[in-house]
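S.K.: Got a structure here, written out as structure tokens. Questions coming.
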Amino acid sequence: MVKIEAIVRPERLEAVKAALDDLGITGITVMEVRGAGQQRGYVHRYRGAEYRVNLLEKIKIETILPEGMVEPAVEAICVAGRTGEVGDGKIFVIPVGDAVRVRTGERGEAAVR
């Protein structure tokens, strides 16, 4: 099993969800996060004063998949999340040792289906 953590632009969330759904991946967790990377934030002007916004709003999507689904999922996230601009995001692929379904006690891949 593998955990995929994807950081994407908020406006690309629906496209990424649809792309994962097309692959049959419906078990996802979505969080609103803030972060800094190459984009480096922007300067905001309010009533004549300038201030720098360093942490930009992003969306973090997490899912646990069998190893055979990782490459199609990563490709789907890349295609659906890409705008071609700096700040499109990152994808992290992390090995998962085990998973347990709380309700039934099922373990391993059976717990994440």
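Within each chain, counting starts at residue 1; across the structure tokens, chains are named A, B, ... in the order shown, with ligands numbered 1 upward in that order.
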Name all residues at most 6 Å from region 70-86 of chain A (count only C-alpha atoms; drop same-chain ones fewer than 2 positions away) and give them as a list in words.
M.R.: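 Skipping anything fewer than 2 positions along the chain leaves Arg12, Ala15, Val16, Ala19, Gln39, Glu67, Gly68 and Asp88 of chain A.
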S.K.: Any idea what's packed within 9 Å of Lys60 (chain A), counting only C-alpha atoms, ignoring anything in its chain fewer than 5 positions away? Could you give it as a PyMOL selection string?
M.R.: chain A and resi 5-9+29-33
S.K.: Residues within 12 Å of Leu65 (chain A), please, as a list of chain:residue names. Count only C-alpha atoms; anything in the same chain fewer than 6 positions from it doesn't count.
M.R.: A:Met1, A:Val2, A:Lys3, A:Ile4, A:Glu5, A:Leu20, A:Leu23, A:Gly24, A:Ile25, A:Thr26, A:Gly27, A:Ile28, A:Glu71, A:Pro72, A:Ala73, A:Val74, A:Val93, A:Ile94, A:Pro95, A:Val96, A:Gly97, A:Asp98, A:Ala99, A:Gly108, A:Glu109, A:Ala110, A:Ala111, A:Val112, A:Arg113
S.K.: For Val43 (chain A), work out the shell of residues within 7 Å, counting only C-alpha atoms and skipping chain neighbours fewer than 2 positions away, then give it as a PyMOL selection string.
M.R.: chain A and resi 45+50-53
S.K.: Would you mind exporting the chosen residues as an mmCIF file, in the first residue's frame, restricted to C-alpha atoms?
M.R.:
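Output below, filename again36.cif:
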```cif
data_model
loop_
_atom_site.group_PDB
_atom_site.id
_atom_site.type_symbol
_atom_site.label_atom_id
_atom_site.label_comp_id
_atom_site.auth_asym_id
_atom_site.auth_seq_id
_atom_site.Cartn_x
_atom_site.Cartn_y
_atom_site.Cartn_z
ATOM 1 C CA ARG A 45 -2.353 46.512 -1.235
ATOM 2 C CA GLU A 50 1.360 47.216 1.165
ATOM 3 C CA TYR A 51 1.918 43.925 2.893
ATOM 4 C CA ARG A 52 3.370 40.642 1.732
ATOM 5 C CA VAL A 53 1.342 37.429 1.814
#
```
